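The data block below is target-v1.pdb; it holds PDB, C-alpha atoms, pLDDT in the B column.
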ATOM      1  CA  MET M   1      20.228   8.104 -12.684  1.00 89.00           C
ATOM      2  CA  ARG M   2      17.746   5.234 -13.053  1.00 93.00           C
ATOM      3  CA  ASP M   3      18.965   3.588  -9.817  1.00 93.00           C
ATOM      4  CA  ARG M   4      18.558   6.854  -7.908  1.00 97.00           C
ATOM      5  CA  LEU M   5      15.048   7.302  -9.277  1.00 97.00           C
ATOM      6  CA  ALA M   6      14.167   3.718  -8.292  1.00 98.00           C
ATOM      7  CA  ARG M   7      15.467   4.284  -4.758  1.00 98.00           C
ATOM      8  CA  LEU M   8      13.685   7.642  -4.400  1.00 97.00           C
ATOM      9  CA  LEU M   9      10.399   6.036  -5.411  1.00 98.00           C
ATOM     10  CA  ALA M  10      10.986   2.804  -3.474  1.00 98.00           C
ATOM     11  CA  THR M  11      11.607   4.717  -0.257  1.00 98.00           C
ATOM     12  CA  GLY M  12       8.386   6.696  -0.667  1.00 98.00           C
ATOM     13  CA  PHE M  13      10.341   9.908  -1.286  1.00 97.00           C
ATOM     14  CA  GLY M  14      12.344   9.245   1.884  1.00 97.00           C
ATOM     15  CA  ALA M  15       9.549   8.050   4.182  1.00 97.00           C
ATOM     16  CA  GLY M  16      11.150   4.614   4.332  1.00 97.00           C
ATOM     17  CA  LEU M  17      14.320   6.115   5.764  1.00 98.00           C
ATOM     18  CA  VAL M  18      12.727   7.013   9.113  1.00 97.00           C
ATOM     19  CA  PRO M  19      14.445   5.028  11.875  1.00 96.00           C
ATOM     20  CA  VAL M  20      11.278   3.629  13.484  1.00 96.00           C
ATOM     21  CA  ALA M  21       8.310   1.988  11.716  1.00 96.00           C
ATOM     22  CA  PRO M  22       9.189   2.838   8.100  1.00 98.00           C
ATOM     23  CA  GLY M  23       6.218   0.801   6.819  1.00 97.00           C
ATOM     24  CA  THR M  24       3.876   2.945   8.881  1.00 97.00           C
ATOM     25  CA  ALA M  25       5.514   6.091   7.492  1.00 98.00           C
ATOM     26  CA  GLY M  26       5.079   4.699   3.982  1.00 98.00           C
ATOM     27  CA  SER M  27       1.414   4.021   4.588  1.00 97.00           C
ATOM     28  CA  VAL M  28       0.964   7.645   5.724  1.00 97.00           C
ATOM     29  CA  VAL M  29       2.450   8.747   2.389  1.00 98.00           C
ATOM     30  CA  GLY M  30      -0.019   6.303   0.828  1.00 98.00           C
ATOM     31  CA  LEU M  31      -2.870   8.241   2.460  1.00 98.00           C
ATOM     32  CA  GLY M  32      -1.758  11.316   0.534  1.00 97.00           C
ATOM     33  CA  TYR M  33      -1.541   9.293  -2.677  1.00 98.00           C
ATOM     34  CA  TRP M  34      -5.053   7.938  -2.076  1.00 98.00           C
ATOM     35  CA  TRP M  35      -6.406  11.428  -1.348  1.00 97.00           C
ATOM     36  CA  LEU M  36      -4.994  12.755  -4.626  1.00 98.00           C
ATOM     37  CA  LEU M  37      -6.521   9.846  -6.563  1.00 98.00           C
ATOM     38  CA  ALA M  38      -9.852  10.264  -4.760  1.00 97.00           C
ATOM     39  CA  GLN M  39     -10.136  13.707  -6.377  1.00 97.00           C
ATOM     40  CA  THR M  40     -10.265  12.118  -9.842  1.00 97.00           C
ATOM     41  CA  ALA M  41     -12.790  10.204 -11.919  1.00 97.00           C
ATOM     42  CA  PRO M  42     -12.994   6.440 -11.267  1.00 97.00           C
ATOM     43  CA  VAL M  43     -11.316   5.560 -14.569  1.00 98.00           C
ATOM     44  CA  VAL M  44      -8.361   7.793 -13.688  1.00 98.00           C
ATOM     45  CA  TYR M  45      -8.274   6.456 -10.119  1.00 98.00           C
ATOM     46  CA  TRP M  46      -8.009   2.811 -11.220  1.00 98.00           C
ATOM     47  CA  SER M  47      -5.704   3.511 -14.165  1.00 98.00           C
ATOM     48  CA  VAL M  48      -3.224   5.398 -11.997  1.00 98.00           C
ATOM     49  CA  PHE M  49      -3.545   2.737  -9.284  1.00 98.00           C
ATOM     50  CA  VAL M  50      -2.573  -0.036 -11.728  1.00 98.00           C
ATOM     51  CA  ALA M  51       0.259   2.064 -13.182  1.00 98.00           C
ATOM     52  CA  GLY M  52       1.419   2.808  -9.633  1.00 98.00           C
ATOM     53  CA  LEU M  53       1.583  -0.913  -8.888  1.00 98.00           C
ATOM     54  CA  ALA M  54       3.777  -1.427 -11.949  1.00 98.00           C
ATOM     55  CA  VAL M  55       6.102   1.381 -10.814  1.00 98.00           C
ATOM     56  CA  ALA M  56       6.146  -0.122  -7.306  1.00 98.00           C
ATOM     57  CA  VAL M  57       7.133  -3.582  -8.589  1.00 98.00           C
ATOM     58  CA  TRP M  58       9.923  -2.087 -10.713  1.00 98.00           C
ATOM     59  CA  SER M  59      11.350   0.310  -8.121  1.00 98.00           C
ATOM     60  CA  ALA M  60      11.055  -2.112  -5.187  1.00 98.00           C
ATOM     61  CA  GLY M  61      12.737  -4.873  -7.163  1.00 98.00           C
ATOM     62  CA  ALA M  62      15.513  -2.631  -8.468  1.00 98.00           C
ATOM     63  CA  THR M  63      16.230  -1.207  -5.023  1.00 98.00           C
ATOM     64  CA  ALA M  64      16.195  -4.622  -3.333  1.00 98.00           C
ATOM     65  CA  ARG M  65      18.637  -5.951  -5.958  1.00 97.00           C
ATOM     66  CA  ALA M  66      20.924  -2.950  -5.534  1.00 97.00           C
ATOM     67  CA  MET M  67      20.911  -3.462  -1.749  1.00 97.00           C
ATOM     68  CA  ASN M  68      21.313  -7.241  -2.129  1.00 97.00           C
ATOM     69  CA  GLN M  69      18.291  -7.844   0.135  1.00 96.00           C
ATOM     70  CA  SER M  70      14.986  -9.573  -0.567  1.00 94.00           C
ATOM     71  CA  ASP M  71      12.769  -6.899   1.053  1.00 95.00           C
ATOM     72  CA  PRO M  72      14.679  -3.994   2.627  1.00 97.00           C
ATOM     73  CA  SER M  73      12.783  -2.172   5.369  1.00 97.00           C
ATOM     74  CA  CYS M  74      13.425   1.172   3.638  1.00 98.00           C
ATOM     75  CA  VAL M  75      11.329   0.042   0.643  1.00 98.00           C
ATOM     76  CA  VAL M  76       7.858   1.379   1.395  1.00 98.00           C
ATOM     77  CA  ILE M  77       6.454   2.061  -2.055  1.00 98.00           C
ATOM     78  CA  ASP M  78       4.470  -1.137  -1.617  1.00 98.00           C
ATOM     79  CA  GLU M  79       2.563   0.418   1.301  1.00 98.00           C
ATOM     80  CA  CYS M  80       2.079   3.638  -0.669  1.00 98.00           C
ATOM     81  CA  ALA M  81       0.892   1.906  -3.829  1.00 98.00           C
ATOM     82  CA  ALA M  82      -1.593  -0.382  -2.037  1.00 98.00           C
ATOM     83  CA  MET M  83      -3.394   2.305  -0.047  1.00 98.00           C
ATOM     84  CA  PRO M  84      -5.830   3.322  -2.835  1.00 98.00           C
ATOM     85  CA  LEU M  85      -7.160  -0.251  -2.860  1.00 98.00           C
ATOM     86  CA  THR M  86      -7.631  -0.192   0.915  1.00 98.00           C
ATOM     87  CA  LEU M  87      -9.629   3.026   0.786  1.00 98.00           C
ATOM     88  CA  ALA M  88     -11.518   2.597  -2.493  1.00 97.00           C
ATOM     89  CA  GLY M  89     -14.994   3.932  -1.826  1.00 91.00           C
ATOM     90  CA  ALA M  90     -14.270   4.996   1.760  1.00 92.00           C
ATOM     91  CA  ILE M  91     -16.903   7.411   3.001  1.00 86.00           C
ATOM     92  CA  GLY M  92     -15.957   9.683   5.849  1.00 85.00           C
ATOM     93  CA  GLY M  93     -12.945  10.055   8.054  1.00 90.00           C
ATOM     94  CA  TRP M  94     -13.728   7.100  10.302  1.00 92.00           C
ATOM     95  CA  GLU M  95     -13.659   4.700   7.321  1.00 94.00           C
ATOM     96  CA  VAL M  96     -10.310   6.151   6.219  1.00 96.00           C
ATOM     97  CA  ALA M  97      -8.894   5.729   9.730  1.00 96.00           C
ATOM     98  CA  LEU M  98     -10.343   2.227  10.040  1.00 96.00           C
ATOM     99  CA  GLY M  99      -8.964   1.238   6.627  1.00 97.00           C
ATOM    100  CA  TRP M 100      -5.516   2.519   7.504  1.00 98.00           C
ATOM    101  CA  VAL M 101      -5.508   0.618  10.816  1.00 97.00           C
ATOM    102  CA  PHE M 102      -6.760  -2.607   9.182  1.00 98.00           C
ATOM    103  CA  PHE M 103      -4.173  -2.265   6.408  1.00 98.00           C
ATOM    104  CA  ARG M 104      -1.329  -1.941   8.922  1.00 98.00           C
ATOM    105  CA  LEU M 105      -2.737  -4.840  10.951  1.00 97.00           C
ATOM    106  CA  PHE M 106      -2.932  -7.203   7.961  1.00 98.00           C
ATOM    107  CA  ASP M 107       0.431  -6.009   6.594  1.00 96.00           C
ATOM    108  CA  ILE M 108       2.103  -6.834   9.912  1.00 96.00           C
ATOM    109  CA  TRP M 109       0.128  -9.989  10.794  1.00 96.00           C
ATOM    110  CA  LYS M 110       0.186 -11.434   7.233  1.00 96.00           C
ATOM    111  CA  PRO M 111      -2.565 -14.081   7.401  1.00 95.00           C
ATOM    112  CA  TRP M 112      -2.877 -16.635   4.589  1.00 95.00           C
ATOM    113  CA  PRO M 113      -2.118 -16.060   1.676  1.00 96.00           C
ATOM    114  CA  ILE M 114      -0.408 -12.735   2.408  1.00 95.00           C
ATOM    115  CA  ARG M 115       2.751 -14.242   3.908  1.00 95.00           C
ATOM    116  CA  GLN M 116       3.012 -16.830   1.119  1.00 97.00           C
ATOM    117  CA  SER M 117       2.813 -14.114  -1.566  1.00 96.00           C
ATOM    118  CA  GLN M 118       6.168 -12.763  -0.390  1.00 95.00           C
ATOM    119  CA  ARG M 119       7.818 -15.767  -2.048  1.00 95.00           C
ATOM    120  CA  LEU M 120       7.152 -14.304  -5.480  1.00 97.00           C
ATOM    121  CA  PRO M 121      10.371 -13.128  -7.145  1.00 96.00           C
ATOM    122  CA  GLY M 122      11.783  -9.616  -6.910  1.00 95.00           C
ATOM    123  CA  GLY M 123       9.465  -6.657  -6.696  1.00 97.00           C
ATOM    124  CA  TRP M 124       6.436  -8.903  -7.198  1.00 98.00           C
ATOM    125  CA  GLY M 125       6.907 -10.472  -3.767  1.00 97.00           C
ATOM    126  CA  ILE M 126       7.543  -7.108  -2.144  1.00 98.00           C
ATOM    127  CA  VAL M 127       4.350  -5.582  -3.535  1.00 98.00           C
ATOM    128  CA  ALA M 128       1.972  -8.575  -3.605  1.00 98.00           C
ATOM    129  CA  ASP M 129       1.691  -8.947   0.167  1.00 97.00           C
ATOM    130  CA  ASP M 130       0.660  -5.299   0.522  1.00 98.00           C
ATOM    131  CA  VAL M 131      -1.921  -5.570  -2.251  1.00 98.00           C
ATOM    132  CA  LEU M 132      -3.425  -8.599  -0.487  1.00 98.00           C
ATOM    133  CA  ALA M 133      -3.313  -6.804   2.887  1.00 98.00           C
ATOM    134  CA  ALA M 134      -5.087  -3.879   1.209  1.00 98.00           C
ATOM    135  CA  ALA M 135      -7.759  -6.201  -0.186  1.00 98.00           C
ATOM    136  CA  TYR M 136      -8.367  -7.707   3.274  1.00 98.00           C
ATOM    137  CA  ALA M 137      -8.554  -4.231   4.825  1.00 98.00           C
ATOM    138  CA  TRP M 138     -10.886  -2.987   2.082  1.00 97.00           C
ATOM    139  CA  ALA M 139     -13.253  -5.915   2.703  1.00 97.00           C
ATOM    140  CA  TRP M 140     -13.425  -5.129   6.406  1.00 96.00           C
ATOM    141  CA  VAL M 141     -14.047  -1.432   5.755  1.00 95.00           C
ATOM    142  CA  VAL M 142     -16.851  -2.300   3.328  1.00 93.00           C
ATOM    143  CA  VAL M 143     -18.481  -4.757   5.739  1.00 92.00           C
ATOM    144  CA  LEU M 144     -18.200  -2.534   8.816  1.00 90.00           C
ATOM    145  CA  GLY M 145     -19.115   0.622   6.903  1.00 82.00           C
ATOM    146  CA  SER M 146     -22.209  -1.028   5.469  1.00 78.00           C
ATOM    147  CA  ALA M 147     -23.192  -2.392   8.861  1.00 78.00           C
ATOM    148  CA  ALA M 148     -22.759   1.023  10.460  1.00 73.00           C
ATOM    149  CA  ARG M 149     -24.858   2.732   7.795  1.00 72.00           C
ATOM    150  CA  ASN M 150     -27.596   0.091   8.102  1.00 73.00           C
ATOM    151  CA  PHE M 151     -27.543   0.374  11.898  1.00 76.00           C
ATOM    152  CA  SER M 152     -27.885   4.159  11.808  1.00 70.00           C
ATOM    153  CA  ASN M 153     -30.879   4.044   9.425  1.00 65.00           C
TER     154      ASN M 153
END
Can you present the structure in this file as structure tokens?
Amino acid sequence: MRDRLARLLATGFGAGLVPVAPGTAGSVVGLGYWWLLAQTAPVVYWSVFVAGLAVAVWSAGATARAMNQSDPSCVVIDECAAMPLTLAGAIGGWEVALGWVFFRLFDIWKPWPIRQSQRLPGGWGIVADDVLAAAYAWAWVVVLGSAARNFSN
């Protein structure tokens, strides 16, 4: 039962089982997760985000062990769990779209230290690179969003 729950969560409720671009599908599920959290108070948002990271580390690690792989492509909970960091404070649809694109870009490109974080053991390595990609994306959304608002004023 616990292994099935871990796999269900790790695959983003099945999003990671799509045959093409499972990470992209997982990040779309992450948009829904972010939207739900965005409807809550900040303390709830950040508390659930941190708890979600803990669940992601556990389920990703358990599923990877069960599959005898270091980071199976079907494991997309890392993309889902990181999305609220990417979009924290996003204002308007264009910032959400920009954040999502930047997140995917950094998750695929993996500039320093994102790629190196994958060496962490188990679920930590699976999730850490996405959290760092989310932080990079968030920074770009903040900078470009601020610049756009200053330019329009």
If the box runs along x, y and z of the file and leaves 4 Å on each side of region 72-82 of chain M, what are its centre and edge lengths in Å, one decimal, as lines of an AutoDock Vina configuration file?
center_x = 6.5
center_y = -0.2
center_z = 0.8
size_x = 24.3
size_y = 15.6
size_z = 17.2
Report task. Find the residues near Val29 (chain M): any atom within 8 Å, counting all atoms listed in the file, skip ones fewer than 4 places away on the same chain, and give them as a PyMOL selection string. Result -> chain M and resi 12+15+25+33+80
Prev. selection, C-alpha atoms, output as a PDB file, in the coordinates of the input:
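Once written, selection_22.pdb looks like this:
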ATOM      1  CA  GLY M  12       8.386   6.696  -0.667  1.00 98.00           C
ATOM      2  CA  ALA M  15       9.549   8.050   4.182  1.00 97.00           C
ATOM      3  CA  ALA M  25       5.514   6.091   7.492  1.00 98.00           C
ATOM      4  CA  TYR M  33      -1.541   9.293  -2.677  1.00 98.00           C
ATOM      5  CA  CYS M  80       2.079   3.638  -0.669  1.00 98.00           C
TER       6      CYS M  80
END
Do you have, as a Markdown table, the list of residues of region 87-152 of chain M lying at most 12 Å from region 66-76 of chain M, each with its nearest atom pair and that distance in Å to one decimal, counting all atoms listed in the file and ordered by chain then number?
| residue | atom | partner | partner_atom | distance |
| --- | --- | --- | --- | --- |
| M:Asp107 | CA | M:Val76 | CA | 11.7 |
| M:Gln118 | CA | M:Asp71 | CA | 8.9 |
| M:Arg119 | CA | M:Ser70 | CA | 9.6 |
| M:Leu120 | CA | M:Ser70 | CA | 10.4 |
| M:Pro121 | CA | M:Ser70 | CA | 8.8 |
| M:Gly122 | CA | M:Ser70 | CA | 7.1 |
| M:Gly123 | CA | M:Asp71 | CA | 8.4 |
| M:Trp124 | CA | M:Asp71 | CA | 10.6 |
| M:Gly125 | CA | M:Asp71 | CA | 8.4 |
| M:Ile126 | CA | M:Asp71 | CA | 6.1 |
| M:Val127 | CA | M:Val76 | CA | 9.2 |
| M:Ala128 | CA | M:Asp71 | CA | 11.9 |
| M:Asp129 | CA | M:Asp71 | CA | 11.3 |
| M:Asp130 | CA | M:Val76 | CA | 9.9 |
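When only C-alpha atoms are used to compute distances to Val48 (chain M), the closest of the residues M:Leu85, M:Val20, M:Ala10, M:Ala62 turns out to be M:Leu85.
Among the candidate residues M:Leu37, M:Ala60, M:Ala21, M:Leu53, the one lying nearest to Leu9 (chain M) is M:Ala60, with distances computed using all atoms listed in the file.
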Query raised in the report: To one decimal place, how far is CA of Val141 (chain M) from CA of Ala90 (chain M) in Å?
Result: 7.6 Å
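Residues lying at most 7 Å from (16.8, -0.2, -11.9) in file coordinates, with only C-alpha atoms considered, are Arg2, Asp3, Ala6, Ser59, Ala62 and Thr63 of chain M.
Closest to Trp58 (chain M) among M:Val18, M:Ile77, M:Ile108, M:Leu132 is M:Ile77, based on all atoms listed in the file.
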Requested in this report: Find the residues around Glu79 (chain M) up to 7 Å (all atoms listed in the file counted), leave out those fewer than 3 positions away in its own chain, and share them as an MDAnalysis selection string.
Outcome: chainID M and resid 23 26:27 30 76 82:83 130
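With CA of Phe13 (chain M) on one side and CA of Trp100 (chain M) on the other, the separation reads 19.6 Å.
Counting all atoms listed in the file, the residue from M:Ile91, M:Ala38, M:Val57, M:Leu8 that sits nearest to Leu144 (chain M) is M:Ile91.
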